[in-house]
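Chemist: Data file target.csv (CSV, C-alpha atoms and all ligand atoms) is appended below.
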chain,number,residue,atom,x,y,z
A,207,MET,CA,-49.0,-16.5,-3.1
A,208,LYS,CA,-45.3,-16.9,-3.9
A,209,VAL,CA,-43.5,-13.7,-4.4
A,210,ILE,CA,-39.8,-14.9,-4.7
A,211,TYR,CA,-39.7,-17.5,-7.3
A,212,LYS,CA,-37.0,-19.6,-9.2
A,213,THR,CA,-36.5,-18.4,-12.7
A,214,THR,CA,-36.4,-20.7,-15.7
A,215,GLY,CA,-35.5,-20.3,-19.4
A,216,ASP,CA,-34.4,-16.9,-20.6
A,217,ALA,CA,-35.1,-15.4,-17.2
A,218,HIS,CA,-32.6,-17.7,-15.6
A,219,GLU,CA,-29.9,-16.0,-17.6
A,220,PHE,CA,-30.5,-12.9,-15.5
A,221,ALA,CA,-30.7,-14.3,-12.0
A,222,PRO,CA,-31.6,-17.6,-10.3
A,223,LEU,CA,-34.4,-15.9,-8.3
A,224,ALA,CA,-36.8,-13.0,-9.1
A,225,VAL,CA,-39.8,-11.2,-7.6
A,226,ILE,CA,-42.7,-9.6,-9.2
A,227,LEU,CA,-44.3,-6.7,-7.3
A,228,TYR,CA,-46.7,-5.3,-9.9
A,229,TYR,CA,-48.7,-7.7,-12.1
A,230,GLY,CA,-51.2,-7.8,-14.8
A,231,GLY,CA,-49.1,-5.7,-17.2
A,232,CYS,CA,-46.7,-2.8,-17.3
A,233,ALA,CA,-47.5,0.8,-18.0
A,234,TYR,CA,-44.4,1.3,-20.2
A,235,GLY,CA,-46.0,-0.7,-23.0
A,236,CYS,CA,-42.8,-1.7,-24.9
A,237,LEU,CA,-43.7,-3.3,-28.3
A,238,TYR,CA,-41.1,-6.0,-27.8
A,239,CYS,CA,-42.3,-6.9,-24.3
A,240,TYR,CA,-42.7,-10.6,-23.6
A,241,GLY,CA,-45.1,-10.0,-20.8
A,242,PRO,CA,-48.3,-9.9,-22.9
A,243,ARG,CA,-47.4,-13.2,-24.5
A,244,THR,CA,-47.1,-14.9,-21.1
A,245,ILE,CA,-50.4,-13.6,-19.8
A,246,ARG,CA,-52.2,-13.9,-23.2
A,247,ARG,CA,-53.6,-10.4,-23.3
A,248,MET,CA,-53.6,-7.7,-26.0
A,249,ARG,CA,-50.8,-5.2,-25.4
A,250,LYS,CA,-53.1,-2.1,-24.9
A,251,SER,CA,-55.1,-4.0,-22.4
A,252,VAL,CA,-51.9,-5.1,-20.5
A,253,GLU,CA,-50.6,-1.5,-20.4
A,254,ASN,CA,-53.7,-0.4,-18.6
A,255,HIS,CA,-53.9,-3.2,-16.1
A,256,ALA,CA,-50.7,-3.0,-14.1
A,257,ARG,CA,-51.6,-3.2,-10.5
A,258,LEU,CA,-50.1,-4.0,-7.1
A,259,ARG,CA,-50.1,-7.7,-6.0
A,260,GLN,CA,-52.3,-7.9,-3.0
A,261,ASP,CA,-50.5,-8.5,0.2
A,262,VAL,CA,-47.2,-8.6,-1.6
A,263,LEU,CA,-45.0,-7.1,1.0
A,264,ARG,CA,-46.2,-9.3,3.8
A,265,CYS,CA,-45.6,-12.4,1.7
A,266,LEU,CA,-42.2,-11.1,0.6
A,267,ASP,CA,-41.2,-10.4,4.2
A,268,ARG,CA,-42.2,-14.0,5.2
A,269,GLU,CA,-40.3,-15.6,2.3
A,270,ALA,CA,-37.2,-13.4,2.7
A,271,ARG,CA,-36.9,-14.4,6.3
A,272,ARG,CA,-37.0,-18.0,5.2
A,273,ILE,CA,-34.0,-17.6,2.9
A,274,ARG,CA,-32.2,-15.0,4.9
A,275,GLY,CA,-28.5,-14.6,3.9
A,276,ASP,CA,-29.0,-16.7,0.7
A,277,ASP,CA,-26.3,-16.0,-1.9
A,278,SER,CA,-28.6,-16.2,-5.0
A,279,GLU,CA,-29.3,-12.9,-6.7
A,280,ILE,CA,-32.9,-11.8,-6.8
A,281,LEU,CA,-34.0,-9.9,-9.8
A,282,VAL,CA,-36.5,-7.0,-9.2
A,283,SER,CA,-38.2,-7.6,-11.6
A,284,PHE,CA,-39.5,-9.4,-14.7
A,285,SER,CA,-42.8,-8.9,-16.6
A,286,SER,CA,-43.6,-5.6,-15.0
A,287,ASP,CA,-41.2,-2.7,-14.3
A,288,PRO,CA,-40.5,-2.1,-10.6
A,289,TYR,CA,-40.4,1.6,-11.2
A,290,GLN,CA,-43.5,2.2,-13.3
A,291,PRO,CA,-45.8,5.1,-12.4
A,292,LEU,CA,-47.7,3.2,-9.7
A,293,GLU,CA,-44.5,3.1,-7.7
A,294,THR,CA,-44.7,6.9,-7.2
A,295,ARG,CA,-47.9,6.3,-5.3
A,296,PHE,CA,-47.3,3.0,-3.5
A,297,LYS,CA,-43.5,2.9,-3.0
A,298,THR,CA,-43.8,-0.9,-3.0
A,299,THR,CA,-40.4,-1.5,-4.7
A,300,ARG,CA,-38.7,0.7,-2.1
A,301,GLN,CA,-40.3,-1.2,0.7
A,302,ALA,CA,-39.4,-4.5,-1.0
A,303,ILE,CA,-35.8,-3.5,-1.3
A,304,ARG,CA,-35.7,-2.7,2.4
A,305,ILE,CA,-37.1,-6.1,3.2
A,306,LEU,CA,-34.5,-7.8,1.0
A,307,ILE,CA,-31.7,-5.8,2.5
A,308,ASP,CA,-32.9,-6.4,6.1
A,309,ASN,CA,-32.5,-10.1,5.3
A,310,ARG,CA,-29.1,-9.8,3.7
A,311,LEU,CA,-30.3,-11.0,0.3
A,312,ARG,CA,-28.7,-10.1,-3.0
A,313,VAL,CA,-30.7,-7.5,-4.9
A,314,MET,CA,-30.5,-7.0,-8.7
A,315,ILE,CA,-32.6,-4.1,-10.0
A,316,LEU,CA,-33.7,-4.0,-13.6
A,317,THR,CA,-35.8,-1.0,-14.7
A,318,LYS,CA,-36.5,1.6,-17.3
A,319,GLY,CA,-37.6,3.9,-14.5
A,320,GLY,CA,-34.7,6.3,-14.7
A,321,MET,CA,-34.7,9.0,-12.1
A,322,LEU,CA,-37.8,7.5,-10.3
A,323,ALA,CA,-35.5,4.6,-9.5
A,324,ALA,CA,-32.7,7.0,-8.4
A,325,ARG,CA,-35.0,7.9,-5.6
A,326,ASP,CA,-34.0,4.6,-3.9
A,327,PHE,CA,-30.2,5.0,-4.3
A,328,ASP,CA,-30.0,6.0,-0.7
A,329,LEU,CA,-30.9,2.4,0.2
A,330,LEU,CA,-28.5,0.8,-2.4
A,331,GLU,CA,-25.4,2.9,-1.8
A,332,SER,CA,-24.8,1.6,1.6
A,333,TYR,CA,-25.5,-2.1,0.7
A,334,ASP,CA,-22.7,-4.1,-0.9
A,335,ARG,CA,-25.0,-7.0,-2.0
A,336,CYS,CA,-26.9,-5.1,-4.8
A,337,ARG,CA,-26.6,-4.0,-8.4
A,338,PHE,CA,-28.6,-1.4,-10.2
A,339,GLY,CA,-29.4,-2.1,-13.8
A,340,THR,CA,-31.2,-0.1,-16.5
A,341,SER,CA,-32.6,-1.4,-19.7
A,342,VAL,CA,-31.7,0.6,-22.7
A,343,VAL,CA,-31.3,-0.4,-26.4
A,344,PHE,CA,-31.5,2.8,-28.3
A,345,THR,CA,-29.5,6.1,-28.5
A,346,ASN,CA,-32.1,7.6,-30.8
A,347,GLN,CA,-35.1,8.9,-28.8
A,348,THR,CA,-37.4,8.7,-31.9
A,349,ASP,CA,-36.8,5.0,-32.1
A,350,ALA,CA,-37.2,4.5,-28.4
A,351,SER,CA,-40.5,6.4,-28.4
A,352,GLN,CA,-41.8,4.1,-31.1
A,353,TRP,CA,-40.7,0.9,-29.4
A,354,GLU,CA,-41.1,1.9,-25.8
A,355,PRO,CA,-43.9,4.4,-26.1
A,356,ASN,CA,-44.6,5.1,-22.4
A,357,ALA,CA,-41.1,4.5,-20.9
A,358,PRO,CA,-39.0,7.3,-19.5
A,359,PRO,CA,-36.7,9.0,-22.0
A,360,ILE,CA,-33.3,7.4,-22.8
A,361,ALA,CA,-31.5,10.4,-21.3
A,362,ASP,CA,-33.3,9.9,-18.0
A,363,ARG,CA,-32.2,6.2,-17.8
A,364,ILE,CA,-28.6,7.2,-18.7
A,365,LYS,CA,-28.6,9.8,-16.1
A,366,ALA,CA,-29.7,7.2,-13.5
A,367,ILE,CA,-26.9,4.8,-14.4
A,368,HIS,CA,-24.4,7.6,-14.2
A,369,GLN,CA,-25.7,8.7,-10.8
A,370,ALA,CA,-25.7,5.1,-9.5
A,371,HIS,CA,-22.1,4.7,-10.5
A,372,GLY,CA,-21.2,8.0,-9.1
A,373,ARG,CA,-22.7,7.0,-5.7
A,374,GLY,CA,-20.6,3.8,-5.7
A,375,ILE,CA,-23.5,1.4,-6.5
A,376,LYS,CA,-22.6,-1.5,-8.7
A,377,THR,CA,-24.2,-1.1,-12.1
A,378,TRP,CA,-25.3,-3.2,-15.1
A,379,VAL,CA,-27.0,-2.5,-18.4
A,380,CYS,CA,-29.5,-4.8,-20.1
A,381,LEU,CA,-28.9,-4.4,-23.8
A,382,GLU,CA,-31.8,-6.6,-24.8
A,383,PRO,CA,-33.5,-6.8,-27.2
A,384,VAL,CA,-31.1,-5.1,-29.6
A,385,ILE,CA,-33.1,-3.7,-32.4
A,386,ASP,CA,-30.5,-1.6,-34.1
A,387,PRO,CA,-27.0,-3.0,-33.9
A,388,ASP,CA,-25.3,0.4,-34.5
A,389,GLN,CA,-27.2,2.0,-31.7
A,390,ALA,CA,-26.4,-0.9,-29.4
A,391,LEU,CA,-22.6,-0.6,-30.2
A,392,GLU,CA,-22.8,3.2,-29.6
A,393,LEU,CA,-24.4,2.5,-26.2
A,394,ILE,CA,-21.6,0.1,-25.2
A,395,ARG,CA,-19.0,2.8,-26.1
A,396,GLU,CA,-20.9,5.5,-24.3
A,397,LEU,CA,-21.9,3.7,-21.1
A,398,HIS,CA,-18.8,1.5,-20.7
A,399,PRO,CA,-17.2,3.8,-18.1
A,400,VAL,CA,-20.2,3.6,-15.8
A,401,THR,CA,-21.3,0.0,-16.4
A,402,GLY,CA,-20.0,-2.9,-14.4
A,403,HIS,CA,-21.7,-5.6,-16.4
A,404,TRP,CA,-23.6,-6.0,-19.7
A,405,LYS,CA,-26.2,-8.5,-20.8
A,406,VAL,CA,-26.7,-8.5,-24.6
A,407,GLY,CA,-29.5,-10.3,-26.4
A,408,ILE,CA,-31.9,-10.0,-29.3
A,409,LEU,CA,-35.5,-10.6,-30.1
A,410,ASN,CA,-35.9,-14.3,-30.9
A,411,TYR,CA,-39.7,-14.5,-31.1
A,412,ARG,CA,-40.6,-11.7,-33.5
A,413,LYS,CA,-39.2,-10.5,-36.9
A,414,LEU,CA,-37.9,-7.0,-37.2
A,415,PRO,CA,-39.0,-4.8,-40.1
A,416,ASN,CA,-35.5,-4.6,-41.4
A,417,PRO,CA,-33.4,-7.8,-41.5
A,418,VAL,CA,-30.2,-7.7,-39.4
A,419,ASN,CA,-27.0,-9.7,-39.8
A,420,TRP,CA,-26.9,-10.9,-36.2
A,421,ILE,CA,-23.8,-13.0,-36.7
A,422,LYS,CA,-21.9,-9.8,-37.6
A,423,PHE,CA,-23.4,-8.0,-34.7
A,424,ARG,CA,-22.4,-10.7,-32.3
A,425,GLU,CA,-18.8,-10.5,-33.6
A,426,ASP,CA,-18.8,-6.7,-33.4
A,427,ALA,CA,-20.3,-6.6,-29.9
A,428,THR,CA,-17.9,-9.3,-28.7
A,429,ASN,CA,-14.9,-7.5,-30.2
A,430,LEU,CA,-15.9,-4.2,-28.7
A,431,LEU,CA,-16.7,-5.5,-25.3
A,432,ASP,CA,-13.4,-7.4,-25.2
A,433,SER,CA,-11.4,-4.4,-26.4
A,434,LEU,CA,-12.9,-2.4,-23.5
A,435,GLY,CA,-12.2,-5.1,-21.0
A,436,ALA,CA,-15.9,-5.2,-20.2
A,437,ASP,CA,-17.6,-7.8,-18.1
A,438,TYR,CA,-20.5,-9.2,-20.1
A,439,HIS,CA,-22.9,-12.1,-20.8
A,440,LEU,CA,-24.3,-12.8,-24.3
A,441,MET,CA,-27.8,-14.1,-24.0
A,442,GLN,CA,-28.7,-17.4,-25.6
A,443,SER,CA,-30.9,-15.5,-28.0
A,444,LEU,CA,-27.7,-14.0,-29.5
A,445,THR,CA,-25.3,-16.9,-29.1
A,446,GLU,CA,-27.7,-19.4,-30.7
A,447,THR,CA,-28.6,-17.3,-33.7
A,448,TYR,CA,-27.3,-18.4,-37.0
A,449,VAL,CA,-28.6,-15.6,-39.3
B,501,LIG,S1,-40.5,-2.0,-19.2
B,501,LIG,FE1,-40.1,-4.2,-19.3
B,501,LIG,S2,-41.9,-5.2,-18.4
B,501,LIG,FE2,-42.5,-3.1,-18.9
B,501,LIG,S3,-43.4,-3.1,-21.0
B,501,LIG,FE3,-41.2,-2.7,-21.2
B,501,LIG,S4,-40.2,-4.7,-21.5
B,501,LIG,FE4,-42.3,-5.1,-20.6
Now, as a test, write the supplied structure out as structure tokens.

Modeler:
Amino acid sequence: MKVIYKTTGDAHEFAPLAVILYYGGCAYGCLYCYGPRTIRRMRKSVENHARLRQDVLRCLDREARRIRGDDSEILVSFSSDPYQPLETRFKTTRQAIRILIDNRLRVMILTKGGMLAARDFDLLESYDRCRFGTSVVFTNQTDASQWEPNAPPIADRIKAIHQAHGRGIKTWVCLEPVIDPDQALELIRELHPVTGHWKVGILNYRKLPNPVNWIKFREDATNLLDSLGADYHLMQSLTETYV
């Protein structure tokens, strides 16, 4: 079983390598999640089937030793949030981070786990080859609850990114998929002081209930990020949209 794998397609825009620690689904059940499409299950079923990959830490340890000191960032993780409720019980992500750090590998966390993820800041704050990222696309909790029904509240995720920054951990925010352009721009303004890097993208495989002028959003986001002097990457989903 391969735990560290080379990313392709959209995933490659995040990092060249990634690990998946939990599989079979994700408890957060975001309506826009690409995970169920990749494993061809109904969303409800996927939410309830998140589980720990068998033997994952032993395999990760073996693979990490093999690429010890490699300079490629490793995203933790795609398809299943590394700080979903199972993590409270298993602490697999915490142990995985330890393995990656012990092998001087570059760690890039992406989660909606908020303060559950903050539990591991003690590991990240003393390690220069890591970044902590949160995924947030709404400022309005009612919208977030509709689209990300089981995920921790926005305030919790924002608190985590503030804490990470305050503890000297490099931070980034995944503003993808943008659903409401105004809320996305508001997030950029609000979180810019504590965000080291932005990734901005949109849904390109599903129509939104209300049509959005994505070309205008792309211009607005670019102008705002440039005016703030922010470091950012516009995802292909956004740069290649013509509507
Ligand atoms: S947190 Fe990420 S992996 Fe989990 S359901 Fe939401 S989009 Fe999918």

Chemist: Produce as a ChimeraX atom specification the set of residues near ligand LIG 501 (chain B), where near means within 6 Å with only C-alpha atoms and all ligand atoms considered.

Modeler: /A:232,234-236,239,241,285-287,318

Chemist: Would you work out the distance separating atom CA of A:Ala323 from atom CA of A:Gly402, expressed in Å to one decimal?

Modeler: 17.9 Å

Chemist: Show me, as a PyMOL selection string, the residues that have an atom within 12 Å of stretch 266-278 of chain A when counting all atoms listed in the file, minus same-chain residues fewer than 4 positions from it.

Modeler: chain A and resi 207-213+218+220-227+259-262+298-299+301-314+335-336

Chemist: Save the residues we just selected, C-alpha atoms, as a short mmCIF file (atom, residue, chain, number, x, y, z; two decimals), in the frame of the given file?

Modeler:
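To be explicit, this is the file written out as out_34.cif:
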data_model
loop_
_atom_site.label_atom_id
_atom_site.label_comp_id
_atom_site.auth_asym_id
_atom_site.auth_seq_id
_atom_site.Cartn_x
_atom_site.Cartn_y
_atom_site.Cartn_z
CA MET A 207 -49.00 -16.50 -3.10
CA LYS A 208 -45.30 -16.90 -3.90
CA VAL A 209 -43.50 -13.70 -4.40
CA ILE A 210 -39.80 -14.90 -4.70
CA TYR A 211 -39.70 -17.50 -7.30
CA LYS A 212 -37.00 -19.60 -9.20
CA THR A 213 -36.50 -18.40 -12.70
CA HIS A 218 -32.60 -17.70 -15.60
CA PHE A 220 -30.50 -12.90 -15.50
CA ALA A 221 -30.70 -14.30 -12.00
CA PRO A 222 -31.60 -17.60 -10.30
CA LEU A 223 -34.40 -15.90 -8.30
CA ALA A 224 -36.80 -13.00 -9.10
CA VAL A 225 -39.80 -11.20 -7.60
CA ILE A 226 -42.70 -9.60 -9.20
CA LEU A 227 -44.30 -6.70 -7.30
CA ARG A 259 -50.10 -7.70 -6.00
CA GLN A 260 -52.30 -7.90 -3.00
CA ASP A 261 -50.50 -8.50 0.20
CA VAL A 262 -47.20 -8.60 -1.60
CA THR A 298 -43.80 -0.90 -3.00
CA THR A 299 -40.40 -1.50 -4.70
CA GLN A 301 -40.30 -1.20 0.70
CA ALA A 302 -39.40 -4.50 -1.00
CA ILE A 303 -35.80 -3.50 -1.30
CA ARG A 304 -35.70 -2.70 2.40
CA ILE A 305 -37.10 -6.10 3.20
CA LEU A 306 -34.50 -7.80 1.00
CA ILE A 307 -31.70 -5.80 2.50
CA ASP A 308 -32.90 -6.40 6.10
CA ASN A 309 -32.50 -10.10 5.30
CA ARG A 310 -29.10 -9.80 3.70
CA LEU A 311 -30.30 -11.00 0.30
CA ARG A 312 -28.70 -10.10 -3.00
CA VAL A 313 -30.70 -7.50 -4.90
CA MET A 314 -30.50 -7.00 -8.70
CA ARG A 335 -25.00 -7.00 -2.00
CA CYS A 336 -26.90 -5.10 -4.80
#

Chemist: For each of A:Pro387, A:Leu393, A:Asp328, A:Leu316, take the minimum atom-to-atom distance to A:Asn416, counting all atoms listed in the file, then give the residue where this is smallest.

Modeler: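 So, comparing all the options, the nearest one is A:Pro387.
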
Chemist: In terms of the shortest atom-to-atom distance over all atoms listed in the file, which of A:Tyr438, A:Phe284, A:Tyr238, A:Phe338 is closest to A:Trp404?

Modeler: A:Tyr438

Chemist: Have a look at A:Met321, A:Ala390, A:Leu397, A:Cys380 and name the one nearest to A:Gln290; count all atoms listed in the file.

Modeler: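 Ranking A:Met321, A:Ala390, A:Leu397, A:Cys380 by distance to A:Gln290, first place goes to A:Met321.
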
Chemist: Show which residues sit within 10 Å of A:Phe344, as a ChimeraX atom specification. Count only C-alpha atoms, and ignore same-chain residues fewer than 6 positions away.

Modeler: /A:350-351,353-354,360,381,383-393

Chemist: Distance atom CA of A:Thr317-atom CA of A:Val282, one decimal place?

Modeler: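 Taking atom CA of A:Thr317 and atom CA of A:Val282, their separation equals 8.2 Å.
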
Chemist: Just how far from atom CA of A:Ile394 is atom CA of A:Ile280, in Å to one decimal?

Modeler: 24.7 Å

Chemist: For a quick check of understanding, using all atoms listed in the file, which of A:Leu281, A:Ala370, A:Leu237, A:Leu258 has the smallest distance to A:Ala217?

Modeler: A:Leu281

Chemist: List as a VMD selection string the protein and nucleic acid residues near A:Arg363, meaning an atom at most 7 Å away when all atoms listed in the file are counted, but skip any in the same chain fewer than 4 places from it.

Modeler: chain A and resid 318 to 321 340 359 367

Chemist: Taking N, CA and C atoms as the atom set, what does stretch 385-396 of chain A look like once completed, written as a tab-separated table (two decimals), in the frame of the given file?

Modeler:
chain	number	residue	atom	x	y	z
A	385	ILE	N	-32.32	-3.89	-31.22
A	385	ILE	CA	-33.10	-3.70	-32.40
A	385	ILE	C	-32.26	-3.17	-33.54
A	386	ASP	N	-31.41	-2.21	-33.17
A	386	ASP	CA	-30.50	-1.60	-34.10
A	386	ASP	C	-29.08	-1.78	-33.68
A	387	PRO	N	-28.33	-2.63	-34.38
A	387	PRO	CA	-27.00	-3.00	-33.90
A	387	PRO	C	-26.08	-1.72	-33.76
A	388	ASP	N	-26.18	-0.73	-34.66
A	388	ASP	CA	-25.30	0.40	-34.50
A	388	ASP	C	-25.58	1.20	-33.25
A	389	GLN	N	-26.86	1.33	-32.91
A	389	GLN	CA	-27.20	2.00	-31.70
A	389	GLN	C	-26.73	1.24	-30.45
A	390	ALA	N	-26.81	-0.06	-30.55
A	390	ALA	CA	-26.40	-0.90	-29.40
A	390	ALA	C	-24.85	-0.73	-29.20
A	391	LEU	N	-24.09	-0.74	-30.29
A	391	LEU	CA	-22.60	-0.60	-30.20
A	391	LEU	C	-22.29	0.80	-29.63
A	392	GLU	N	-23.07	1.79	-30.06
A	392	GLU	CA	-22.80	3.20	-29.60
A	392	GLU	C	-23.08	3.22	-28.05
A	393	LEU	N	-24.11	2.54	-27.60
A	393	LEU	CA	-24.40	2.50	-26.20
A	393	LEU	C	-23.26	1.88	-25.37
A	394	ILE	N	-22.72	0.80	-25.91
A	394	ILE	CA	-21.60	0.10	-25.20
A	394	ILE	C	-20.44	1.12	-25.07
A	395	ARG	N	-20.14	1.82	-26.17
A	395	ARG	CA	-19.00	2.80	-26.10
A	395	ARG	C	-19.33	3.88	-25.09
A	396	GLU	N	-20.56	4.38	-25.14
A	396	GLU	CA	-20.90	5.50	-24.30
A	396	GLU	C	-21.00	5.18	-22.82
